[in-house]
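Below is one structure, written out as structure tokens; the observations come after it.
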Amino acid sequence: MDVPLWLALLVVGVLGVKLIRPPWWLIAILLLGGYLLADSLLAPVIDTAVK
């Protein structure tokens, strides 16, 4: 069974918010920070570290 990455991330995110109950500002900072890092000069470094 192949699950798209966006669906898996959505399910994990929803379950994490429901179970852990982090503050919404922390979620916003993590999402914005991840988006900005993915578009920065550090993206190739992060890509090689993840692989």
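Identifiers in the structure tokens: chain A, B, ... in order shown; residue index from 1 per chain; ligand index from 1 in order shown.
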
DSSP says alpha helix (DSSP H) for which residues of chain A? Put them as an mmCIF file with all heavy atoms, in the first residue's frame?
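To be explicit, this is the file written out as part-v6.cif:
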data_model
loop_
_atom_site.group_PDB
_atom_site.id
_atom_site.type_symbol
_atom_site.label_atom_id
_atom_site.label_comp_id
_atom_site.auth_asym_id
_atom_site.auth_seq_id
_atom_site.Cartn_x
_atom_site.Cartn_y
_atom_site.Cartn_z
ATOM 1 N N LEU A 5 3.109 11.104 0.691
ATOM 2 C CA LEU A 5 3.817 11.743 1.797
ATOM 3 C C LEU A 5 2.968 12.820 2.457
ATOM 4 O O LEU A 5 2.937 12.926 3.686
ATOM 5 C CB LEU A 5 5.134 12.344 1.288
ATOM 6 C CG LEU A 5 5.974 13.076 2.322
ATOM 7 C CD1 LEU A 5 6.395 12.140 3.432
ATOM 8 C CD2 LEU A 5 7.181 13.705 1.662
ATOM 9 N N TRP A 6 2.238 13.607 1.670
ATOM 10 C CA TRP A 6 1.435 14.684 2.254
ATOM 11 C C TRP A 6 0.348 14.130 3.164
ATOM 12 O O TRP A 6 0.038 14.713 4.203
ATOM 13 C CB TRP A 6 0.838 15.585 1.173
ATOM 14 C CG TRP A 6 -0.121 14.898 0.254
ATOM 15 C CD1 TRP A 6 0.162 14.297 -0.931
ATOM 16 C CD2 TRP A 6 -1.524 14.702 0.465
ATOM 17 N NE1 TRP A 6 -0.971 13.753 -1.470
ATOM 18 C CE2 TRP A 6 -2.029 13.988 -0.644
ATOM 19 C CE3 TRP A 6 -2.407 15.076 1.468
ATOM 20 C CZ2 TRP A 6 -3.369 13.627 -0.753
ATOM 21 C CZ3 TRP A 6 -3.748 14.717 1.347
ATOM 22 C CH2 TRP A 6 -4.205 14.005 0.242
ATOM 23 N N LEU A 7 -0.211 12.960 2.815
ATOM 24 C CA LEU A 7 -1.253 12.356 3.646
ATOM 25 C C LEU A 7 -0.666 11.815 4.951
ATOM 26 O O LEU A 7 -1.246 12.000 6.026
ATOM 27 C CB LEU A 7 -1.963 11.238 2.879
ATOM 28 C CG LEU A 7 -3.089 10.533 3.615
ATOM 29 C CD1 LEU A 7 -4.194 11.504 3.979
ATOM 30 C CD2 LEU A 7 -3.635 9.388 2.786
ATOM 31 N N ALA A 8 0.492 11.181 4.857
ATOM 32 C CA ALA A 8 1.142 10.669 6.062
ATOM 33 C C ALA A 8 1.515 11.810 7.005
ATOM 34 O O ALA A 8 1.310 11.716 8.220
ATOM 35 C CB ALA A 8 2.372 9.858 5.680
ATOM 36 N N LEU A 9 2.051 12.897 6.458
ATOM 37 C CA LEU A 9 2.408 14.038 7.297
ATOM 38 C C LEU A 9 1.184 14.696 7.919
ATOM 39 O O LEU A 9 1.218 15.122 9.074
ATOM 40 C CB LEU A 9 3.186 15.068 6.481
ATOM 41 C CG LEU A 9 4.592 14.659 6.069
ATOM 42 C CD1 LEU A 9 5.192 15.721 5.170
ATOM 43 C CD2 LEU A 9 5.458 14.413 7.272
ATOM 44 N N LEU A 10 0.097 14.754 7.166
ATOM 45 C CA LEU A 10 -1.142 15.328 7.691
ATOM 46 C C LEU A 10 -1.681 14.496 8.850
ATOM 47 O O LEU A 10 -2.056 15.035 9.897
ATOM 48 C CB LEU A 10 -2.180 15.429 6.576
ATOM 49 C CG LEU A 10 -3.514 16.036 6.956
ATOM 50 C CD1 LEU A 10 -3.351 17.519 7.242
ATOM 51 C CD2 LEU A 10 -4.515 15.837 5.849
ATOM 52 N N VAL A 11 -1.682 13.177 8.708
ATOM 53 C CA VAL A 11 -2.182 12.298 9.770
ATOM 54 C C VAL A 11 -1.305 12.397 11.012
ATOM 55 O O VAL A 11 -1.806 12.521 12.133
ATOM 56 C CB VAL A 11 -2.258 10.841 9.258
ATOM 57 C CG1 VAL A 11 -2.498 9.874 10.391
ATOM 58 C CG2 VAL A 11 -3.344 10.709 8.206
ATOM 59 N N VAL A 12 0.013 12.376 10.829
ATOM 60 C CA VAL A 12 0.923 12.491 11.975
ATOM 61 C C VAL A 12 0.762 13.851 12.647
ATOM 62 O O VAL A 12 0.760 13.944 13.875
ATOM 63 C CB VAL A 12 2.379 12.260 11.519
ATOM 64 C CG1 VAL A 12 3.364 12.644 12.600
ATOM 65 C CG2 VAL A 12 2.572 10.814 11.114
ATOM 66 N N GLY A 13 0.604 14.908 11.854
ATOM 67 C CA GLY A 13 0.419 16.233 12.426
ATOM 68 C C GLY A 13 -0.864 16.358 13.223
ATOM 69 O O GLY A 13 -0.871 16.905 14.328
ATOM 70 N N VAL A 14 -1.952 15.850 12.681
ATOM 71 C CA VAL A 14 -3.245 15.933 13.382
ATOM 72 C C VAL A 14 -3.204 15.123 14.667
ATOM 73 O O VAL A 14 -3.662 15.580 15.724
ATOM 74 C CB VAL A 14 -4.386 15.465 12.454
ATOM 75 C CG1 VAL A 14 -5.672 15.268 13.221
ATOM 76 C CG2 VAL A 14 -4.592 16.466 11.336
ATOM 77 N N LEU A 15 -2.645 13.916 14.607
ATOM 78 C CA LEU A 15 -2.547 13.098 15.820
ATOM 79 C C LEU A 15 -1.632 13.747 16.855
ATOM 80 O O LEU A 15 -1.916 13.703 18.051
ATOM 81 C CB LEU A 15 -2.041 11.698 15.474
ATOM 82 C CG LEU A 15 -3.044 10.785 14.780
ATOM 83 C CD1 LEU A 15 -2.384 9.470 14.397
ATOM 84 C CD2 LEU A 15 -4.256 10.536 15.657
ATOM 85 N N GLY A 16 -0.534 14.350 16.392
ATOM 86 C CA GLY A 16 0.366 15.019 17.328
ATOM 87 C C GLY A 16 -0.288 16.192 18.026
ATOM 88 O O GLY A 16 -0.118 16.381 19.226
ATOM 89 N N VAL A 17 -1.062 16.965 17.285
ATOM 90 C CA VAL A 17 -1.746 18.118 17.890
ATOM 91 C C VAL A 17 -2.817 17.644 18.867
ATOM 92 O O VAL A 17 -2.979 18.212 19.947
ATOM 93 C CB VAL A 17 -2.351 19.023 16.792
ATOM 94 C CG1 VAL A 17 -3.296 20.041 17.382
ATOM 95 C CG2 VAL A 17 -1.245 19.717 16.025
ATOM 96 N N LYS A 18 -3.528 16.587 18.518
ATOM 97 C CA LYS A 18 -4.592 16.105 19.409
ATOM 98 C C LYS A 18 -4.026 15.459 20.679
ATOM 99 O O LYS A 18 -4.579 15.619 21.755
ATOM 100 C CB LYS A 18 -5.472 15.099 18.678
ATOM 101 C CG LYS A 18 -6.450 15.737 17.742
ATOM 102 C CD LYS A 18 -7.418 14.679 17.225
ATOM 103 C CE LYS A 18 -8.487 15.303 16.404
ATOM 104 N NZ LYS A 18 -9.556 15.889 17.204
ATOM 105 N N LEU A 19 -2.925 14.720 20.541
ATOM 106 C CA LEU A 19 -2.399 13.984 21.691
ATOM 107 C C LEU A 19 -1.472 14.819 22.574
ATOM 108 O O LEU A 19 -1.535 14.736 23.793
ATOM 109 C CB LEU A 19 -1.658 12.732 21.214
ATOM 110 C CG LEU A 19 -2.528 11.686 20.507
ATOM 111 C CD1 LEU A 19 -1.664 10.552 19.985
ATOM 112 C CD2 LEU A 19 -3.596 11.157 21.442
ATOM 113 N N ILE A 20 -0.613 15.619 21.966
ATOM 114 C CA ILE A 20 0.393 16.351 22.736
ATOM 115 C C ILE A 20 -0.105 17.729 23.150
ATOM 116 O O ILE A 20 0.294 18.253 24.182
ATOM 117 C CB ILE A 20 1.709 16.455 21.933
ATOM 118 C CG1 ILE A 20 2.228 15.045 21.648
ATOM 119 C CG2 ILE A 20 2.747 17.236 22.690
ATOM 120 C CD1 ILE A 20 3.427 15.024 20.738
ATOM 121 N N TRP A 24 -0.422 26.765 19.733
ATOM 122 C CA TRP A 24 -0.533 27.042 18.295
ATOM 123 C C TRP A 24 0.606 27.896 17.769
ATOM 124 O O TRP A 24 1.016 27.766 16.626
ATOM 125 C CB TRP A 24 -1.880 27.696 17.989
ATOM 126 C CG TRP A 24 -2.984 26.692 18.090
ATOM 127 C CD1 TRP A 24 -3.898 26.594 19.091
ATOM 128 C CD2 TRP A 24 -3.261 25.625 17.193
ATOM 129 N NE1 TRP A 24 -4.732 25.525 18.858
ATOM 130 C CE2 TRP A 24 -4.368 24.915 17.691
ATOM 131 C CE3 TRP A 24 -2.684 25.198 15.998
ATOM 132 C CZ2 TRP A 24 -4.889 23.807 17.051
ATOM 133 C CZ3 TRP A 24 -3.216 24.093 15.362
ATOM 134 C CH2 TRP A 24 -4.308 23.413 15.891
ATOM 135 N N TRP A 25 1.164 28.784 18.629
ATOM 136 C CA TRP A 25 2.277 29.607 18.169
ATOM 137 C C TRP A 25 3.499 28.756 17.884
ATOM 138 O O TRP A 25 4.275 29.043 16.978
ATOM 139 C CB TRP A 25 2.587 30.721 19.163
ATOM 140 C CG TRP A 25 2.968 30.249 20.534
ATOM 141 C CD1 TRP A 25 2.133 30.105 21.596
ATOM 142 C CD2 TRP A 25 4.266 29.854 20.987
ATOM 143 N NE1 TRP A 25 2.827 29.637 22.689
ATOM 144 C CE2 TRP A 25 4.130 29.478 22.331
ATOM 145 C CE3 TRP A 25 5.514 29.777 20.382
ATOM 146 C CZ2 TRP A 25 5.226 29.028 23.087
ATOM 147 C CZ3 TRP A 25 6.595 29.328 21.132
ATOM 148 C CH2 TRP A 25 6.449 28.969 22.461
ATOM 149 N N LEU A 26 3.685 27.668 18.660
ATOM 150 C CA LEU A 26 4.815 26.767 18.424
ATOM 151 C C LEU A 26 4.655 26.029 17.104
ATOM 152 O O LEU A 26 5.622 25.863 16.346
ATOM 153 C CB LEU A 26 4.949 25.786 19.584
ATOM 154 C CG LEU A 26 6.093 24.782 19.510
ATOM 155 C CD1 LEU A 26 7.432 25.503 19.484
ATOM 156 C CD2 LEU A 26 6.027 23.814 20.656
ATOM 157 N N ILE A 27 3.451 25.616 16.790
ATOM 158 C CA ILE A 27 3.176 24.949 15.515
ATOM 159 C C ILE A 27 3.447 25.904 14.363
ATOM 160 O O ILE A 27 4.078 25.530 13.369
ATOM 161 C CB ILE A 27 1.720 24.450 15.483
ATOM 162 C CG1 ILE A 27 1.504 23.389 16.551
ATOM 163 C CG2 ILE A 27 1.368 23.894 14.104
ATOM 164 C CD1 ILE A 27 0.066 23.022 16.765
ATOM 165 N N ALA A 28 3.000 27.149 14.506
ATOM 166 C CA ALA A 28 3.209 28.142 13.450
ATOM 167 C C ALA A 28 4.694 28.418 13.237
ATOM 168 O O ALA A 28 5.166 28.518 12.098
ATOM 169 C CB ALA A 28 2.472 29.426 13.789
ATOM 170 N N ILE A 29 5.464 28.516 14.316
ATOM 171 C CA ILE A 29 6.906 28.767 14.200
ATOM 172 C C ILE A 29 7.603 27.590 13.532
ATOM 173 O O ILE A 29 8.484 27.777 12.678
ATOM 174 C CB ILE A 29 7.508 29.072 15.585
ATOM 175 C CG1 ILE A 29 7.065 30.455 16.043
ATOM 176 C CG2 ILE A 29 9.024 28.978 15.554
ATOM 177 C CD1 ILE A 29 7.518 30.818 17.428
ATOM 178 N N LEU A 30 7.237 26.367 13.897
ATOM 179 C CA LEU A 30 7.857 25.193 13.281
ATOM 180 C C LEU A 30 7.537 25.103 11.793
ATOM 181 O O LEU A 30 8.421 24.799 10.978
ATOM 182 C CB LEU A 30 7.409 23.918 13.999
ATOM 183 C CG LEU A 30 7.982 23.702 15.392
ATOM 184 C CD1 LEU A 30 7.336 22.490 16.040
ATOM 185 C CD2 LEU A 30 9.485 23.555 15.349
ATOM 186 N N LEU A 31 6.296 25.364 11.428
ATOM 187 C CA LEU A 31 5.926 25.312 10.013
ATOM 188 C C LEU A 31 6.621 26.411 9.217
ATOM 189 O O LEU A 31 7.170 26.157 8.140
ATOM 190 C CB LEU A 31 4.406 25.430 9.862
ATOM 191 C CG LEU A 31 3.603 24.209 10.281
ATOM 192 C CD1 LEU A 31 2.113 24.533 10.225
ATOM 193 C CD2 LEU A 31 3.923 23.029 9.415
ATOM 194 N N LEU A 32 6.620 27.616 9.743
ATOM 195 C CA LEU A 32 7.265 28.728 9.043
ATOM 196 C C LEU A 32 8.777 28.534 8.976
ATOM 197 O O LEU A 32 9.400 28.769 7.934
ATOM 198 C CB LEU A 32 6.926 30.045 9.737
ATOM 199 C CG LEU A 32 7.463 31.303 9.082
ATOM 200 C CD1 LEU A 32 6.864 31.465 7.685
ATOM 201 C CD2 LEU A 32 7.168 32.507 9.928
ATOM 202 N N GLY A 33 9.370 28.067 10.061
ATOM 203 C CA GLY A 33 10.804 27.813 10.075
ATOM 204 C C GLY A 33 11.202 26.728 9.100
ATOM 205 O O GLY A 33 12.210 26.847 8.397
ATOM 206 N N GLY A 34 10.428 25.657 9.024
ATOM 207 C CA GLY A 34 10.723 24.595 8.068
ATOM 208 C C GLY A 34 10.585 25.066 6.631
ATOM 209 O O GLY A 34 11.397 24.721 5.766
ATOM 210 N N TYR A 35 9.586 25.879 6.388
ATOM 211 C CA TYR A 35 9.398 26.422 5.039
ATOM 212 C C TYR A 35 10.558 27.331 4.650
ATOM 213 O O TYR A 35 11.073 27.254 3.537
ATOM 214 C CB TYR A 35 8.075 27.191 4.982
ATOM 215 C CG TYR A 35 7.824 27.857 3.658
ATOM 216 C CD1 TYR A 35 7.427 27.114 2.556
ATOM 217 C CD2 TYR A 35 7.994 29.226 3.504
ATOM 218 C CE1 TYR A 35 7.198 27.728 1.333
ATOM 219 C CE2 TYR A 35 7.772 29.840 2.291
ATOM 220 C CZ TYR A 35 7.373 29.089 1.212
ATOM 221 O OH TYR A 35 7.163 29.695 0.008
ATOM 222 N N LEU A 36 10.978 28.181 5.560
ATOM 223 C CA LEU A 36 12.073 29.103 5.271
ATOM 224 C C LEU A 36 13.410 28.369 5.136
ATOM 225 O O LEU A 36 14.235 28.725 4.298
ATOM 226 C CB LEU A 36 12.157 30.176 6.352
ATOM 227 C CG LEU A 36 10.995 31.160 6.377
ATOM 228 C CD1 LEU A 36 11.132 32.111 7.553
ATOM 229 C CD2 LEU A 36 10.891 31.921 5.072
ATOM 230 N N LEU A 37 13.628 27.334 5.951
ATOM 231 C CA LEU A 37 14.874 26.569 5.842
ATOM 232 C C LEU A 37 14.946 25.794 4.535
ATOM 233 O O LEU A 37 16.019 25.620 3.968
ATOM 234 C CB LEU A 37 15.002 25.607 7.016
ATOM 235 C CG LEU A 37 15.643 26.141 8.274
ATOM 236 C CD1 LEU A 37 15.641 25.072 9.349
ATOM 237 C CD2 LEU A 37 17.036 26.636 8.030
ATOM 238 N N ALA A 38 13.820 25.318 4.064
ATOM 239 C CA ALA A 38 13.802 24.544 2.823
ATOM 240 C C ALA A 38 14.153 25.403 1.630
ATOM 241 O O ALA A 38 14.586 24.894 0.597
ATOM 242 C CB ALA A 38 12.429 23.915 2.620
ATOM 243 N N ALA A 43 19.610 24.412 2.609
ATOM 244 C CA ALA A 43 18.822 23.295 2.077
ATOM 245 C C ALA A 43 19.694 22.133 1.592
ATOM 246 O O ALA A 43 19.387 20.978 1.907
ATOM 247 C CB ALA A 43 17.891 23.782 0.984
ATOM 248 N N PRO A 44 20.777 22.363 0.846
ATOM 249 C CA PRO A 44 21.611 21.224 0.423
ATOM 250 C C PRO A 44 22.258 20.497 1.616
ATOM 251 O O PRO A 44 22.392 19.269 1.590
ATOM 252 C CB PRO A 44 22.671 21.842 -0.482
ATOM 253 C CG PRO A 44 22.113 23.132 -0.921
ATOM 254 C CD PRO A 44 21.204 23.587 0.182
ATOM 255 N N VAL A 45 22.641 21.245 2.645
ATOM 256 C CA VAL A 45 23.249 20.628 3.824
ATOM 257 C C VAL A 45 22.228 19.757 4.536
ATOM 258 O O VAL A 45 22.514 18.637 4.955
ATOM 259 C CB VAL A 45 23.804 21.719 4.764
ATOM 260 C CG1 VAL A 45 24.338 21.114 6.050
ATOM 261 C CG2 VAL A 45 24.872 22.525 4.056
ATOM 262 N N ILE A 46 21.016 20.278 4.691
ATOM 263 C CA ILE A 46 19.948 19.519 5.353
ATOM 264 C C ILE A 46 19.596 18.292 4.515
ATOM 265 O O ILE A 46 19.381 17.213 5.066
ATOM 266 C CB ILE A 46 18.718 20.420 5.581
ATOM 267 C CG1 ILE A 46 19.064 21.550 6.541
ATOM 268 C CG2 ILE A 46 17.543 19.625 6.098
ATOM 269 C CD1 ILE A 46 18.004 22.624 6.651
ATOM 270 N N ASP A 47 19.579 18.443 3.208
ATOM 271 C CA ASP A 47 19.245 17.335 2.315
ATOM 272 C C ASP A 47 20.253 16.199 2.456
ATOM 273 O O ASP A 47 19.860 15.032 2.523
ATOM 274 C CB ASP A 47 19.169 17.828 0.875
ATOM 275 C CG ASP A 47 18.620 16.786 -0.072
ATOM 276 O OD1 ASP A 47 17.658 16.093 0.332
ATOM 277 O OD2 ASP A 47 19.150 16.671 -1.183
ATOM 278 N N THR A 48 21.525 16.523 2.500
ATOM 279 C CA THR A 48 22.534 15.463 2.640
ATOM 280 C C THR A 48 22.501 14.850 4.041
ATOM 281 O O THR A 48 22.764 13.659 4.187
ATOM 282 C CB THR A 48 23.945 15.999 2.350
ATOM 283 O OG1 THR A 48 24.216 17.099 3.201
ATOM 284 C CG2 THR A 48 24.089 16.418 0.900
ATOM 285 N N ALA A 49 22.158 15.631 5.051
ATOM 286 C CA ALA A 49 22.073 15.091 6.409
ATOM 287 C C ALA A 49 20.880 14.156 6.558
ATOM 288 O O ALA A 49 20.949 13.152 7.261
ATOM 289 C CB ALA A 49 21.970 16.237 7.413
ATOM 290 N N VAL A 50 19.793 14.454 5.865
ATOM 291 C CA VAL A 50 18.607 13.606 5.956
ATOM 292 C C VAL A 50 18.810 12.292 5.196
ATOM 293 O O VAL A 50 18.345 11.250 5.632
ATOM 294 C CB VAL A 50 17.372 14.373 5.415
ATOM 295 C CG1 VAL A 50 16.173 13.462 5.279
ATOM 296 C CG2 VAL A 50 17.045 15.531 6.331
#
